[in-house]
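Here's the structure we're looking at; comments come further down.
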Amino acid sequence: MRGVPALLLALLAGGCATANGDPRDPLEGLNRGVYRFNDALDSAIMRPVASAYRDWVHDEIRGRVRNFFSNLADPMISLHNLLQGKFEDSLTDAVRFVFNSTFGLLGLHDIASDMGYEKHNEDFGQTFGRWGAGSGVYLVLPLLGSSSVRDGLGTVLDFAADPVAQVDPTGARAGVTAVRFTQVRADLLDASRILEEAALDKYVFQRDAYFQRRRSLVYDGRPPREDVR
Amino acid sequence: MPRLARALLLLFLLPAFGGAQAQDPRAPDVLVKSVTLETVELIAKDKEIKSGSRAKLIQLIDAKVLPHFNFSSMAALAMGQNWNKATPEQKKRLTEEFRTLLVRTYASALAAYSDQRFDFRPLRAKPTDTDVTVQVRVLQSGAQPVPIDYSMEKTAAGWKVYDVIVGGVSLVANYRTEFANAVRNSGIDGLIKDLQTKNRSLEPEKK
């Protein structure tokens, strides 16, 4: 456990290096370091791969891939809605999974949405938030980007419960994971370009957007009104 | 007139009034719907924009969308308390630069638009309200619908947008920290300069 105090020290040292001290981001110095690392990796590998995928793979096929992974996630989303006491939403998610897995041909077609069974967005971080846990300080995770103490812990559990993590031969699992992340990154290409263009300081802009977005998700898009006025 | 007859008359008149209100082309929700659909249609039909002309897209946004935004309100809200410390000249320049930045951002967002469908939510507001939220949702298969809320205020020149909230992220609120940091580091003129530099780096001909 000798690594832990060292890590803690590094975290604290990072915290001291901040200039504009946002109370939600005491680790700004460290976070900015990880952010730069992620950004460099993204520019070098993830973004070019995602761009190529978007340019070369037909719209229709990308849609199927998106639907397939979206469908795999619906059982866990159903469980989260159950844990949050939203029984109707939970049932909707279960119905979505049954319909899309069968009539939707293993989830390749999102027929449930066309039938009016709306897709939801849930994860462990949101469930903890619904139970009353605050987000904790801001964290930038290596590879995964914006997170917080609560949501980072949630992400660990999300990964453990992920059906793709159960795929057996490691090679196959790596392949499926690669396709999935490429799909996710490709869907974010426009958003990340808009971020580049809109932000004076990308790090700050993304951090503030993250907190706003997560707060909205915890309350399913209806957070207690926080007037900008 | 007997009371019952009057009640019945009211019952028949009320839906008529309701209908007339929904048709009012100046009502905020009707405005958002017509401007959105018109803009998307114009973009779909325009060959220059389809082949990637940013200048033409910005021109279209300037003509169709911008008249419905209140940029001085937006700049004031993004500045927060610092707004009152700015001189009228600084306020004017801030508004100009912020406007340019938002137009560029908006153009990028529209350029990314493909075949998503819109779901225009019914407006929940009283006729006397002067500050409303118009809700639109963008639907896409295999993904949760993305809500876009337009915060609108009633002005002498009609309803104007003063904030756009995409997926729960308020555009105006999101600029607050950035603006406050810039003002703390280099003053209001420093912020104006930052915005100018940013805008210049996004000039369409250089991209």
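Ligands are numbered from 1 in the order shown, residues from 1 within each chain, and chains are lettered A, B, ... in the order they appear in the structure tokens.
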For this session: Select residues of chain A: the criterion is any atom within 7 Å of an atom of chain B, counting only C-alpha atoms; output as a PyMOL selection string.
Result: chain A and resi 20+66-67+70+110+113+119-121+190+194+197-198+200-201+204-205+208-209+212-213+216+221+228-229
For this session: Just the residues within 12 Å of A:Ala52, please, counting only C-alpha atoms, with nothing from its chain fewer than 5 positions along; format it as a ChimeraX atom specification.
Result: /A:45-47,57-58,182-183,185-186,189
Expected file contents, prior selection, N, CA and C atoms, as a compact mmCIF listing (two decimals), in the first residue's frame:
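Output contents, as saved in part05.txt:
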# COMPACT_ATOMS: atom_id res chain seq x y z
N ILE A 45 -4.75 8.99 -32.01
CA ILE A 45 -5.34 7.69 -32.35
C ILE A 45 -6.86 7.71 -32.46
N MET A 46 -7.54 8.03 -31.35
CA MET A 46 -8.99 7.82 -31.33
C MET A 46 -9.74 8.64 -32.38
N ARG A 47 -9.41 9.93 -32.46
CA ARG A 47 -10.16 10.77 -33.40
C ARG A 47 -9.92 10.37 -34.86
N VAL A 57 -17.48 3.72 -43.27
CA VAL A 57 -18.57 2.78 -42.96
C VAL A 57 -19.90 3.49 -43.18
N HIS A 58 -20.79 2.83 -43.89
CA HIS A 58 -22.06 3.45 -44.26
C HIS A 58 -22.89 3.81 -43.02
N THR A 182 -15.04 2.99 -30.79
CA THR A 182 -14.93 3.72 -32.05
C THR A 182 -16.29 4.32 -32.41
N GLN A 183 -17.34 3.52 -32.21
CA GLN A 183 -18.69 3.99 -32.48
C GLN A 183 -19.03 5.20 -31.60
N ARG A 185 -16.98 7.26 -30.07
CA ARG A 185 -16.15 8.41 -30.42
C ARG A 185 -16.64 9.04 -31.73
N ALA A 186 -17.07 8.19 -32.68
CA ALA A 186 -17.55 8.71 -33.96
C ALA A 186 -18.82 9.56 -33.75
N LEU A 189 -17.88 13.07 -32.69
CA LEU A 189 -16.98 13.89 -33.52
C LEU A 189 -17.49 15.32 -33.67
Seminar exercise, completed: Here atom CA of A:Pro75 and atom CA of A:Asp93 stand apart by 6.8 Å
For this session: Fewer than 2 positions away in the same chain doesn't count, so skip those; otherwise give me all residues within 12 Å of B:Asp129, counting only C-alpha atoms, as an MDAnalysis selection string.
Result: chainID B and resid 27:28 123:127 131:133 152:155 159
So that I have them on file, write out the residues from the current selection with N, CA and C atoms, as a CSV table (one decimal), in the first residue's frame.
chain,number,residue,atom,x,y,z
B,27,ALA,N,-46.4,33.7,-31.1
B,27,ALA,CA,-46.2,32.9,-29.9
B,27,ALA,C,-44.9,32.3,-29.8
B,28,PRO,N,-44.2,32.2,-28.7
B,28,PRO,CA,-42.8,31.7,-28.6
B,28,PRO,C,-42.7,30.3,-29.2
B,123,LEU,N,-46.2,24.2,-25.3
B,123,LEU,CA,-45.8,25.2,-24.4
B,123,LEU,C,-46.7,25.1,-23.1
B,124,ARG,N,-46.0,25.1,-22.0
B,124,ARG,CA,-46.8,25.2,-20.7
B,124,ARG,C,-46.5,26.5,-20.1
B,125,ALA,N,-47.4,27.5,-20.4
B,125,ALA,CA,-47.2,28.8,-19.9
B,125,ALA,C,-48.5,29.6,-19.9
B,126,LYS,N,-48.7,30.5,-19.1
B,126,LYS,CA,-49.9,31.4,-19.1
B,126,LYS,C,-49.7,32.5,-20.1
B,127,PRO,N,-50.9,33.0,-20.6
B,127,PRO,CA,-50.8,34.0,-21.6
B,127,PRO,C,-50.1,35.3,-21.1
B,131,ASP,N,-41.7,35.3,-19.5
B,131,ASP,CA,-40.4,34.5,-19.5
B,131,ASP,C,-40.8,33.0,-19.6
B,132,VAL,N,-40.6,32.4,-20.7
B,132,VAL,CA,-41.0,31.0,-20.9
B,132,VAL,C,-39.9,30.1,-21.4
B,133,THR,N,-40.1,28.8,-21.3
B,133,THR,CA,-39.1,27.9,-21.8
B,133,THR,C,-39.8,27.0,-22.9
B,152,MET,N,-36.9,32.1,-23.3
B,152,MET,CA,-37.3,33.2,-24.1
B,152,MET,C,-37.9,34.3,-23.2
B,153,GLU,N,-37.7,35.5,-23.6
B,153,GLU,CA,-38.3,36.6,-22.9
B,153,GLU,C,-39.1,37.5,-23.8
B,154,LYS,N,-40.2,38.1,-23.3
B,154,LYS,CA,-41.0,38.9,-24.1
B,154,LYS,C,-40.4,40.3,-24.1
B,155,THR,N,-40.1,40.8,-25.3
B,155,THR,CA,-39.6,42.2,-25.4
B,155,THR,C,-40.6,43.0,-26.3
B,159,TRP,N,-40.8,38.0,-29.0
B,159,TRP,CA,-40.1,37.0,-28.1
B,159,TRP,C,-38.7,36.8,-28.6
For this session: Excluding A:Val95 and any residue of its chain fewer than 3 positions from it, enumerate the residues within 12 Å of it, using only C-alpha atoms, and give them as a list in words.
Result: Asn71, Asp74, Pro75, Ile77, Ser78, Glu88, Asp89, Ser90, Leu91, Thr92, Val98, Phe99, Asn100, Ser101, Thr102, Phe103, Gly104, Asp110, Ile111, Ala112, Ser113, Met115, Gly116, Tyr117, Glu118 and Lys119 of chain A
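Taking atom CA of B:Glu96 and atom CA of B:Ser51 as the two end points, the separation is 28.5 Å.
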For this session: Compile the contact shell of B:Thr36 as a PyMOL selection string: residues with an atom at most 12 Å away, counting only C-alpha atoms, same-chain residues fewer than 2 positions apart removed.
Result: chain B and resi 29-34+38-43+61+64-66+68+110+113+117-120+136-138+148+150
Could you please take those selected residues and save C-alpha atoms as a PDB file, in the first residue's frame?
ATOM      1  CA  ASP B  29     -43.406  27.980 -29.298  1.00  0.00           C
ATOM      2  CA  VAL B  30     -44.842  28.636 -32.762  1.00  0.00           C
ATOM      3  CA  LEU B  31     -41.868  30.872 -33.488  1.00  0.00           C
ATOM      4  CA  VAL B  32     -39.310  28.224 -32.473  1.00  0.00           C
ATOM      5  CA  LYS B  33     -41.049  25.577 -34.534  1.00  0.00           C
ATOM      6  CA  SER B  34     -41.395  27.647 -37.691  1.00  0.00           C
ATOM      7  CA  GLU B  38     -37.652  26.701 -42.121  1.00  0.00           C
ATOM      8  CA  THR B  39     -33.918  26.826 -41.397  1.00  0.00           C
ATOM      9  CA  VAL B  40     -33.470  23.062 -41.652  1.00  0.00           C
ATOM     10  CA  GLU B  41     -35.379  23.026 -44.934  1.00  0.00           C
ATOM     11  CA  LEU B  42     -33.333  25.882 -46.393  1.00  0.00           C
ATOM     12  CA  ILE B  43     -30.119  24.096 -45.430  1.00  0.00           C
ATOM     13  CA  ILE B  61     -28.205  31.946 -39.752  1.00  0.00           C
ATOM     14  CA  LYS B  64     -33.146  33.644 -40.321  1.00  0.00           C
ATOM     15  CA  VAL B  65     -32.150  32.781 -36.769  1.00  0.00           C
ATOM     16  CA  LEU B  66     -30.302  35.703 -35.211  1.00  0.00           C
ATOM     17  CA  HIS B  68     -34.810  36.021 -32.637  1.00  0.00           C
ATOM     18  CA  LEU B 110     -26.328  22.970 -37.759  1.00  0.00           C
ATOM     19  CA  TYR B 113     -27.421  18.091 -38.465  1.00  0.00           C
ATOM     20  CA  ARG B 117     -36.452  14.276 -36.284  1.00  0.00           C
ATOM     21  CA  PHE B 118     -37.794  17.013 -34.032  1.00  0.00           C
ATOM     22  CA  ASP B 119     -40.430  16.716 -31.370  1.00  0.00           C
ATOM     23  CA  PHE B 120     -41.846  20.136 -30.521  1.00  0.00           C
ATOM     24  CA  VAL B 136     -37.799  20.782 -28.406  1.00  0.00           C
ATOM     25  CA  ARG B 137     -36.401  17.265 -28.524  1.00  0.00           C
ATOM     26  CA  VAL B 138     -34.159  15.816 -31.191  1.00  0.00           C
ATOM     27  CA  ILE B 148     -33.101  21.525 -26.403  1.00  0.00           C
ATOM     28  CA  TYR B 150     -34.994  27.780 -25.428  1.00  0.00           C
TER      29      TYR B 150
END
Exercise. In Å, how far is it from atom CA of A:Leu144 to atom CA of A:Pro23?
Worked result: 22.4 Å
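For stretch 98-162 of chain B, a DSSP pass over the backbone yields strand (DSSP E or B) at B:Arg117, B:Phe118, B:Asp119, B:Phe120, B:Asp131, B:Val132, B:Thr133, B:Val134, B:Gln135, B:Val136, B:Arg137, B:Val138, B:Leu139, B:Val146, B:Pro147, B:Ile148, B:Asp149, B:Tyr150, B:Ser151, B:Met152, B:Glu153, B:Lys154, B:Thr155, B:Gly158, B:Trp159, B:Lys160, B:Val161, B:Tyr162.
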Based on the selection just made, write C-alpha atoms of those residues as a short mmCIF file (atom, residue, chain, number, x, y, z; two decimals), in the first residue's frame.
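See part-v6.cif below for the written result:
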data_model
loop_
_atom_site.label_atom_id
_atom_site.label_comp_id
_atom_site.auth_asym_id
_atom_site.auth_seq_id
_atom_site.Cartn_x
_atom_site.Cartn_y
_atom_site.Cartn_z
CA ARG B 117 -36.45 14.28 -36.28
CA PHE B 118 -37.79 17.01 -34.03
CA ASP B 119 -40.43 16.72 -31.37
CA PHE B 120 -41.85 20.14 -30.52
CA ASP B 131 -40.44 34.52 -19.54
CA VAL B 132 -41.01 31.02 -20.91
CA THR B 133 -39.11 27.86 -21.83
CA VAL B 134 -39.85 26.34 -25.22
CA GLN B 135 -38.92 22.66 -25.33
CA VAL B 136 -37.80 20.78 -28.41
CA ARG B 137 -36.40 17.26 -28.52
CA VAL B 138 -34.16 15.82 -31.19
CA LEU B 139 -34.91 12.14 -31.79
CA VAL B 146 -31.63 15.20 -26.81
CA PRO B 147 -33.69 17.96 -25.22
CA ILE B 148 -33.10 21.52 -26.40
CA ASP B 149 -34.74 24.21 -24.26
CA TYR B 150 -34.99 27.78 -25.43
CA SER B 151 -35.35 30.32 -22.62
CA MET B 152 -37.28 33.22 -24.10
CA GLU B 153 -38.29 36.64 -22.86
CA LYS B 154 -41.01 38.91 -24.14
CA THR B 155 -39.64 42.21 -25.41
CA GLY B 158 -41.44 40.17 -29.78
CA TRP B 159 -40.14 37.02 -28.09
CA LYS B 160 -36.37 36.70 -27.95
CA VAL B 161 -34.13 33.78 -26.95
CA TYR B 162 -31.73 34.58 -24.09
#
For this session: Compile the contact shell of A:Gly154 as a PyMOL selection string: residues with an atom at most 8 Å away, counting only C-alpha atoms, same-chain residues fewer than 2 positions apart removed.
Result: chain A and resi 123-125+128+150-152+156-158
What does the file look like for those residues with C-alpha atoms, as a PDB file, in the first residue's frame?
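Listing of result33.pdb after writing:
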ATOM      1  CA  ASP A 123     -25.747   4.401 -14.828  1.00  0.00           C
ATOM      2  CA  PHE A 124     -24.431   3.810 -11.294  1.00  0.00           C
ATOM      3  CA  GLY A 125     -23.311   7.418 -10.924  1.00  0.00           C
ATOM      4  CA  PHE A 128     -26.041   7.169  -6.440  1.00  0.00           C
ATOM      5  CA  ARG A 150     -19.177   9.594  -7.434  1.00  0.00           C
ATOM      6  CA  ASP A 151     -19.331   9.004 -11.176  1.00  0.00           C
ATOM      7  CA  GLY A 152     -15.842   7.506 -11.313  1.00  0.00           C
ATOM      8  CA  VAL A 156     -15.984   1.049 -12.204  1.00  0.00           C
ATOM      9  CA  LEU A 157     -19.257  -0.711 -11.348  1.00  0.00           C
ATOM     10  CA  ASP A 158     -20.695   0.008 -14.809  1.00  0.00           C
TER      11      ASP A 158
END
